[in-house]
Every structure is written in C-alpha cells, then in structure tokens.
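Okay, target_20.cif now, which holds mmCIF, C-alpha atoms:
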data_entry
#
loop_
_atom_site.group_PDB
_atom_site.id
_atom_site.type_symbol
_atom_site.label_atom_id
_atom_site.label_comp_id
_atom_site.auth_asym_id
_atom_site.auth_seq_id
_atom_site.Cartn_x
_atom_site.Cartn_y
_atom_site.Cartn_z
ATOM 1 C CA MET L 1 0.000 0.000 0.000
ATOM 2 C CA GLU L 2 1.360 3.401 -0.944
ATOM 3 C CA GLU L 3 1.375 6.371 1.398
ATOM 4 C CA ASN L 4 -1.787 8.461 0.913
ATOM 5 C CA GLN L 5 -3.549 5.494 -0.699
ATOM 6 C CA PRO L 6 -7.213 6.416 -1.227
ATOM 7 C CA GLY L 7 -9.590 4.347 0.845
ATOM 8 C CA ILE L 8 -11.414 4.300 4.159
ATOM 9 C CA VAL L 9 -10.808 3.000 7.679
ATOM 10 C CA LEU L 10 -13.803 1.121 9.094
ATOM 11 C CA ILE L 11 -14.537 -0.891 12.225
ATOM 12 C CA LEU L 12 -14.981 -4.507 11.147
ATOM 13 C CA GLY L 13 -17.328 -6.988 12.732
ATOM 14 C CA THR L 14 -17.266 -10.617 11.660
ATOM 15 C CA GLY L 15 -19.964 -13.211 11.946
ATOM 16 C CA ARG L 16 -21.611 -16.288 10.556
ATOM 17 C CA GLY L 17 -23.718 -16.191 7.465
ATOM 18 C CA TYR L 18 -27.112 -17.669 6.778
ATOM 19 C CA GLY L 19 -26.548 -21.339 6.046
ATOM 20 C CA GLN L 20 -23.442 -21.621 8.237
ATOM 21 C CA HIS L 21 -23.266 -23.782 11.332
ATOM 22 C CA ASN L 22 -20.186 -23.171 13.481
ATOM 23 C CA THR L 23 -17.449 -23.010 10.825
ATOM 24 C CA VAL L 24 -19.100 -25.357 8.309
ATOM 25 C CA VAL L 25 -20.550 -23.469 5.357
ATOM 26 C CA TYR L 26 -23.612 -25.048 3.744
ATOM 27 C CA ARG L 27 -24.557 -22.095 1.525
ATOM 28 C CA SER L 28 -22.180 -19.425 0.262
ATOM 29 C CA ALA L 29 -24.821 -16.671 0.001
ATOM 30 C CA ASP L 30 -26.393 -14.873 2.959
ATOM 31 C CA LYS L 31 -29.989 -14.052 2.064
ATOM 32 C CA TYR L 32 -30.590 -12.054 5.271
ATOM 33 C CA ARG L 33 -27.866 -9.511 4.463
ATOM 34 C CA ASN L 34 -28.220 -9.763 0.649
ATOM 35 C CA MET L 35 -24.589 -10.874 0.343
ATOM 36 C CA PRO L 36 -24.192 -13.135 -2.717
ATOM 37 C CA HIS L 37 -21.060 -14.994 -1.568
ATOM 38 C CA ARG L 38 -18.541 -15.081 1.277
ATOM 39 C CA HIS L 39 -15.819 -12.929 -0.332
ATOM 40 C CA CYS L 40 -17.506 -9.577 0.132
ATOM 41 C CA ILE L 41 -17.726 -6.716 2.598
ATOM 42 C CA LEU L 42 -21.000 -5.142 3.726
ATOM 43 C CA MET L 43 -20.688 -1.345 3.864
ATOM 44 C CA ASN L 44 -22.921 1.675 4.441
ATOM 45 C CA SER L 45 -23.782 3.614 1.262
ATOM 46 C CA LEU L 46 -22.331 6.847 2.719
ATOM 47 C CA ASP L 47 -19.000 5.133 3.436
ATOM 48 C CA ILE L 48 -18.929 3.730 -0.089
ATOM 49 C CA LYS L 49 -19.492 7.206 -1.519
ATOM 50 C CA LYS L 50 -16.993 8.859 0.907
ATOM 51 C CA ALA L 51 -14.242 6.479 -0.172
ATOM 52 C CA GLY L 52 -15.003 6.993 -3.878
ATOM 53 C CA PHE L 53 -16.111 3.394 -4.332
ATOM 54 C CA GLN L 54 -19.116 1.877 -6.094
ATOM 55 C CA GLU L 55 -21.241 -1.068 -5.053
ATOM 56 C CA HIS L 56 -19.897 -4.360 -6.480
ATOM 57 C CA GLN L 57 -16.438 -2.855 -6.945
ATOM 58 C CA ARG L 58 -13.612 -5.198 -5.946
ATOM 59 C CA VAL L 59 -11.289 -3.876 -3.225
ATOM 60 C CA THR L 60 -8.528 -4.955 -0.856
ATOM 61 C CA VAL L 61 -9.223 -5.111 2.876
ATOM 62 C CA LYS L 62 -6.201 -4.801 5.164
ATOM 63 C CA GLY L 63 -6.129 -5.518 8.875
ATOM 64 C CA SER L 64 -3.457 -5.940 11.523
ATOM 65 C CA GLY L 65 -2.881 -9.575 10.547
ATOM 66 C CA GLY L 66 -2.964 -9.460 6.759
ATOM 67 C CA GLU L 67 -5.084 -8.555 3.776
ATOM 68 C CA LEU L 68 -7.673 -9.988 1.436
ATOM 69 C CA GLU L 69 -7.849 -8.949 -2.216
ATOM 70 C CA ASN L 70 -10.698 -9.071 -4.712
ATOM 71 C CA ILE L 71 -13.402 -8.474 -2.078
ATOM 72 C CA GLU L 72 -16.752 -7.296 -3.465
ATOM 73 C CA ILE L 73 -18.427 -4.274 -1.871
ATOM 74 C CA ILE L 74 -22.072 -4.864 -0.958
ATOM 75 C CA CYS L 75 -24.195 -1.884 0.091
ATOM 76 C CA GLY L 76 -26.475 -2.630 2.997
ATOM 77 C CA ALA L 77 -28.207 -1.584 6.176
ATOM 78 C CA ILE L 78 -25.167 -1.208 8.394
ATOM 79 C CA ARG L 79 -24.114 1.741 10.552
ATOM 80 C CA GLU L 80 -21.819 4.334 9.003
ATOM 81 C CA GLY L 81 -18.171 3.705 9.922
ATOM 82 C CA VAL L 82 -18.730 -0.031 10.353
ATOM 83 C CA ALA L 83 -18.352 -3.006 8.006
ATOM 84 C CA PHE L 84 -19.183 -6.699 8.172
ATOM 85 C CA MET L 85 -17.411 -9.742 6.745
ATOM 86 C CA PHE L 86 -17.776 -13.477 7.239
ATOM 87 C CA TYR L 87 -15.542 -15.681 9.317
ATOM 88 C CA PRO L 88 -13.561 -17.832 8.973
ATOM 89 C CA GLU L 89 -12.707 -16.099 5.657
ATOM 90 C CA ALA L 90 -11.885 -12.744 7.331
ATOM 91 C CA ASN L 91 -9.822 -14.301 10.144
ATOM 92 C CA VAL L 92 -6.626 -13.686 8.149
ATOM 93 C CA LEU L 93 -7.182 -9.937 8.594
ATOM 94 C CA LEU L 94 -7.021 -10.046 12.358
ATOM 95 C CA THR L 95 -4.440 -10.431 15.064
ATOM 96 C CA ALA L 96 -7.029 -10.434 17.774
ATOM 97 C CA ALA L 97 -6.240 -9.343 21.268
ATOM 98 C CA ILE L 98 -7.385 -11.893 23.834
ATOM 99 C CA ASP L 99 -9.545 -10.671 26.702
ATOM 100 C CA PRO L 100 -7.689 -11.630 29.895
ATOM 101 C CA GLU L 101 -10.868 -12.447 31.848
ATOM 102 C CA SER L 102 -12.900 -14.438 29.325
ATOM 103 C CA GLY L 103 -10.147 -15.677 27.004
ATOM 104 C CA THR L 104 -12.280 -14.526 24.053
ATOM 105 C CA PRO L 105 -10.584 -13.043 20.977
ATOM 106 C CA ALA L 106 -11.665 -9.521 19.931
ATOM 107 C CA TYR L 107 -13.191 -10.206 16.518
ATOM 108 C CA LYS L 108 -16.107 -7.786 16.748
ATOM 109 C CA ARG L 109 -14.521 -4.348 16.738
ATOM 110 C CA VAL L 110 -11.247 -4.150 14.842
ATOM 111 C CA PRO L 111 -10.080 -1.421 12.444
ATOM 112 C CA VAL L 112 -9.468 -2.291 8.793
ATOM 113 C CA PHE L 113 -8.407 -0.230 5.799
ATOM 114 C CA VAL L 114 -10.458 -0.743 2.633
ATOM 115 C CA TYR L 115 -8.795 0.387 -0.595
#

Represent the structure contained in this file as structure tokens.
Amino acid sequence: MEENQPGIVLILGTGRGYGQHNTVVYRSADKYRNMPHRHCILMNSLDIKKAGFQEHQRVTVKGSGGELENIEIICGAIREGVAFMFYPEANVLLTAAIDPESGTPAYKRVPVFVY
C-alpha cells in the first residue's frame, strides 16, 4: 500500500452467514444480508461514496494480521463507519487481542483499511 492510498478506515465486525453452522458453510450466500457470496464486505452507502467506491467494486481489505484482495463491496443496512465480513474467511485480517478475563478473541470491533 502506498502512502496516501485512497480508501477508508472502518470498524470490522465478523460473523456467521445464513446457512453456516459453526465453521461449516452449507450455503455461500447470505440471504438475510443480501450478500451473494462469502468474499464480500457489507458497507454503508455513505461510506462507499466517501471512499469513492461503487457497489460491487472489488477492493482490498487490510487488517493488523494481513489482507484480502478481490473483495466485493455490498451496500447494505449497516451503521456508518462499520463493516461486516464473514468468518472464517476474514480471520486472516485479524491479530485479535485476547480478553484476559474471558479468554475470548476480539473479533467484533477491529479497524481495517479498505482500498
């Protein structure tokens, strides 16, 4: 990534999709979120516009642990400044801090750069 690379920083939440049980995927689409496959990022329309993107554009998503390329932008009903992706696909993006009390990794509120 070059310095001053155009893009947007968002808070990423990850979760299961419709048709997924634990980490076993039975259907690649998520009909509840209108996401056609598991290699996409759900974003607010204002964030898409702010970053100079268009819906269905392919982007790179970079987190503290790595990056994913060729990710399709899906516009949806999600809060501005926040994005959603599926796990386990998005796990490569994260180097999650572990909560000392519960032992749970922080996969629900991590910054990513979309470009």

For the point (-14.7, -10.6, 11.6) in file coordinates, what residues are within 6 Å, counting only C-alpha atoms? Give the answer as a PDB file with C-alpha atoms, in the frame of the given file?
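Dumped everything to point.pdb:
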ATOM      1  CA  GLY L  13     -17.328  -6.988  12.732  1.00  0.00           C
ATOM      2  CA  THR L  14     -17.266 -10.617  11.660  1.00  0.00           C
ATOM      3  CA  GLY L  15     -19.964 -13.211  11.946  1.00  0.00           C
ATOM      4  CA  MET L  85     -17.411  -9.742   6.745  1.00  0.00           C
ATOM      5  CA  TYR L  87     -15.542 -15.681   9.317  1.00  0.00           C
ATOM      6  CA  ALA L  90     -11.885 -12.744   7.331  1.00  0.00           C
ATOM      7  CA  TYR L 107     -13.191 -10.206  16.518  1.00  0.00           C
TER       8      TYR L 107
END

(message) Just the number, please: distance in Å from atom CA of His56 of chain L to atom CA of Leu93 of chain L, one decimal.
(response)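 Computing it gives 20.5 Å between the two atoms.
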
(request) For Glu67 of chain L, list every protein, DNA or RNA residue within 10 Å, evaluated using only C-alpha atoms, and leave out those in the same chain fewer than 2 positions away; present the list as a PyMOL selection string. (result) chain L and resi 60-65+69+90-94+112-114

(request) Please measure the separation of atom CA of Gln54 of chain L and atom CA of Glu80 of chain L, giving the value in Å to one decimal. (result) 15.5 Å

(request) Rank nothing, just name the residue among L:Tyr115, L:Ile74, L:Gln57, L:Thr95 nearest to Asn44 of chain L, using all atoms listed in the file. (result) L:Ile74

(request) Would you kindly translate the PyMOL selection byres ((chain L and resi 43) around 8) into the concrete residues it picks from this file, as an NGL selection string? (result) :L and (41-42 or 44-45 or 47-48 or 73-78 or 80 or 82-84)

(request) Using only C-alpha atoms, find the one residue out of L:Phe53, L:Glu72, L:Gly81, L:Ser102 that sits nearest to Pro6 of chain L. (result)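 Of all the options, L:Phe53 lies closest to Pro6 of chain L.
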
Residues in the PyMOL selection byres ((chain L and resi 38) around 8), expressed as a short mmCIF file (atom, residue, chain, number, x, y, z; two decimals) with C-alpha atoms, keeping the file's coordinate frame:
data_model
loop_
_atom_site.label_atom_id
_atom_site.label_comp_id
_atom_site.auth_asym_id
_atom_site.auth_seq_id
_atom_site.Cartn_x
_atom_site.Cartn_y
_atom_site.Cartn_z
CA SER L 28 -22.18 -19.42 0.26
CA ALA L 29 -24.82 -16.67 0.00
CA MET L 35 -24.59 -10.87 0.34
CA PRO L 36 -24.19 -13.14 -2.72
CA HIS L 37 -21.06 -14.99 -1.57
CA HIS L 39 -15.82 -12.93 -0.33
CA CYS L 40 -17.51 -9.58 0.13
CA MET L 85 -17.41 -9.74 6.74
CA PHE L 86 -17.78 -13.48 7.24
CA GLU L 89 -12.71 -16.10 5.66
#

What would segment 76-94 of chain L look like with N, CA, C and O atoms restored, written as an mmCIF file, keeping the file's coordinate frame?
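Final file, result-v3.cif:
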data_model
loop_
_atom_site.group_PDB
_atom_site.id
_atom_site.type_symbol
_atom_site.label_atom_id
_atom_site.label_comp_id
_atom_site.auth_asym_id
_atom_site.auth_seq_id
_atom_site.Cartn_x
_atom_site.Cartn_y
_atom_site.Cartn_z
ATOM 1 N N GLY L 76 -25.408 -2.082 2.178
ATOM 2 C CA GLY L 76 -26.475 -2.630 2.997
ATOM 3 C C GLY L 76 -26.799 -1.781 4.204
ATOM 4 O O GLY L 76 -26.200 -0.734 4.436
ATOM 5 N N ALA L 77 -27.733 -2.279 4.979
ATOM 6 C CA ALA L 77 -28.207 -1.584 6.176
ATOM 7 C C ALA L 77 -27.243 -1.865 7.321
ATOM 8 O O ALA L 77 -27.458 -2.756 8.145
ATOM 9 N N ILE L 78 -26.168 -1.095 7.346
ATOM 10 C CA ILE L 78 -25.167 -1.208 8.394
ATOM 11 C C ILE L 78 -24.763 0.206 8.781
ATOM 12 O O ILE L 78 -24.790 1.117 7.944
ATOM 13 N N ARG L 79 -24.450 0.413 10.030
ATOM 14 C CA ARG L 79 -24.114 1.741 10.552
ATOM 15 C C ARG L 79 -22.908 2.329 9.822
ATOM 16 O O ARG L 79 -21.958 1.625 9.499
ATOM 17 N N GLU L 80 -22.939 3.622 9.610
ATOM 18 C CA GLU L 80 -21.819 4.334 9.003
ATOM 19 C C GLU L 80 -20.568 4.147 9.864
ATOM 20 O O GLU L 80 -20.628 4.178 11.088
ATOM 21 N N GLY L 81 -19.429 3.907 9.213
ATOM 22 C CA GLY L 81 -18.171 3.705 9.922
ATOM 23 C C GLY L 81 -17.890 2.268 10.307
ATOM 24 O O GLY L 81 -16.851 1.963 10.877
ATOM 25 N N VAL L 82 -18.818 1.377 9.979
ATOM 26 C CA VAL L 82 -18.730 -0.031 10.353
ATOM 27 C C VAL L 82 -18.848 -0.887 9.093
ATOM 28 O O VAL L 82 -19.494 -0.497 8.128
ATOM 29 N N ALA L 83 -18.238 -2.048 9.107
ATOM 30 C CA ALA L 83 -18.352 -3.006 8.006
ATOM 31 C C ALA L 83 -18.521 -4.399 8.587
ATOM 32 O O ALA L 83 -18.238 -4.636 9.766
ATOM 33 N N PHE L 84 -18.971 -5.311 7.749
ATOM 34 C CA PHE L 84 -19.183 -6.699 8.172
ATOM 35 C C PHE L 84 -18.591 -7.628 7.133
ATOM 36 O O PHE L 84 -18.757 -7.414 5.930
ATOM 37 N N MET L 85 -17.902 -8.660 7.606
ATOM 38 C CA MET L 85 -17.411 -9.742 6.745
ATOM 39 C C MET L 85 -17.630 -11.066 7.458
ATOM 40 O O MET L 85 -17.828 -11.116 8.674
ATOM 41 N N PHE L 86 -17.571 -12.139 6.690
ATOM 42 C CA PHE L 86 -17.776 -13.477 7.239
ATOM 43 C C PHE L 86 -16.489 -14.064 7.815
ATOM 44 O O PHE L 86 -15.400 -13.817 7.308
ATOM 45 N N TYR L 87 -16.647 -14.840 8.878
ATOM 46 C CA TYR L 87 -15.542 -15.681 9.317
ATOM 47 C C TYR L 87 -15.916 -17.107 8.932
ATOM 48 O O TYR L 87 -17.105 -17.410 8.770
ATOM 49 N N PRO L 88 -14.987 -17.968 8.708
ATOM 50 C CA PRO L 88 -13.561 -17.832 8.973
ATOM 51 C C PRO L 88 -12.781 -17.105 7.868
ATOM 52 O O PRO L 88 -11.591 -16.869 8.029
ATOM 53 N N GLU L 89 -13.425 -16.724 6.768
ATOM 54 C CA GLU L 89 -12.707 -16.099 5.657
ATOM 55 C C GLU L 89 -11.923 -14.858 6.096
ATOM 56 O O GLU L 89 -10.784 -14.661 5.687
ATOM 57 N N ALA L 90 -12.520 -14.001 6.932
ATOM 58 C CA ALA L 90 -11.885 -12.744 7.331
ATOM 59 C C ALA L 90 -10.875 -12.913 8.465
ATOM 60 O O ALA L 90 -10.194 -11.950 8.822
ATOM 61 N N ASN L 91 -10.735 -14.107 9.016
ATOM 62 C CA ASN L 91 -9.822 -14.301 10.144
ATOM 63 C C ASN L 91 -8.391 -13.900 9.814
ATOM 64 O O ASN L 91 -7.652 -13.455 10.686
ATOM 65 N N VAL L 92 -7.983 -14.030 8.552
ATOM 66 C CA VAL L 92 -6.626 -13.686 8.149
ATOM 67 C C VAL L 92 -6.329 -12.197 8.354
ATOM 68 O O VAL L 92 -5.170 -11.806 8.490
ATOM 69 N N LEU L 93 -7.357 -11.371 8.418
ATOM 70 C CA LEU L 93 -7.182 -9.937 8.594
ATOM 71 C C LEU L 93 -6.793 -9.560 10.016
ATOM 72 O O LEU L 93 -6.277 -8.467 10.245
ATOM 73 N N LEU L 94 -7.053 -10.422 10.956
ATOM 74 C CA LEU L 94 -7.021 -10.046 12.358
ATOM 75 C C LEU L 94 -5.894 -10.687 13.146
ATOM 76 O O LEU L 94 -5.592 -11.866 12.971
#
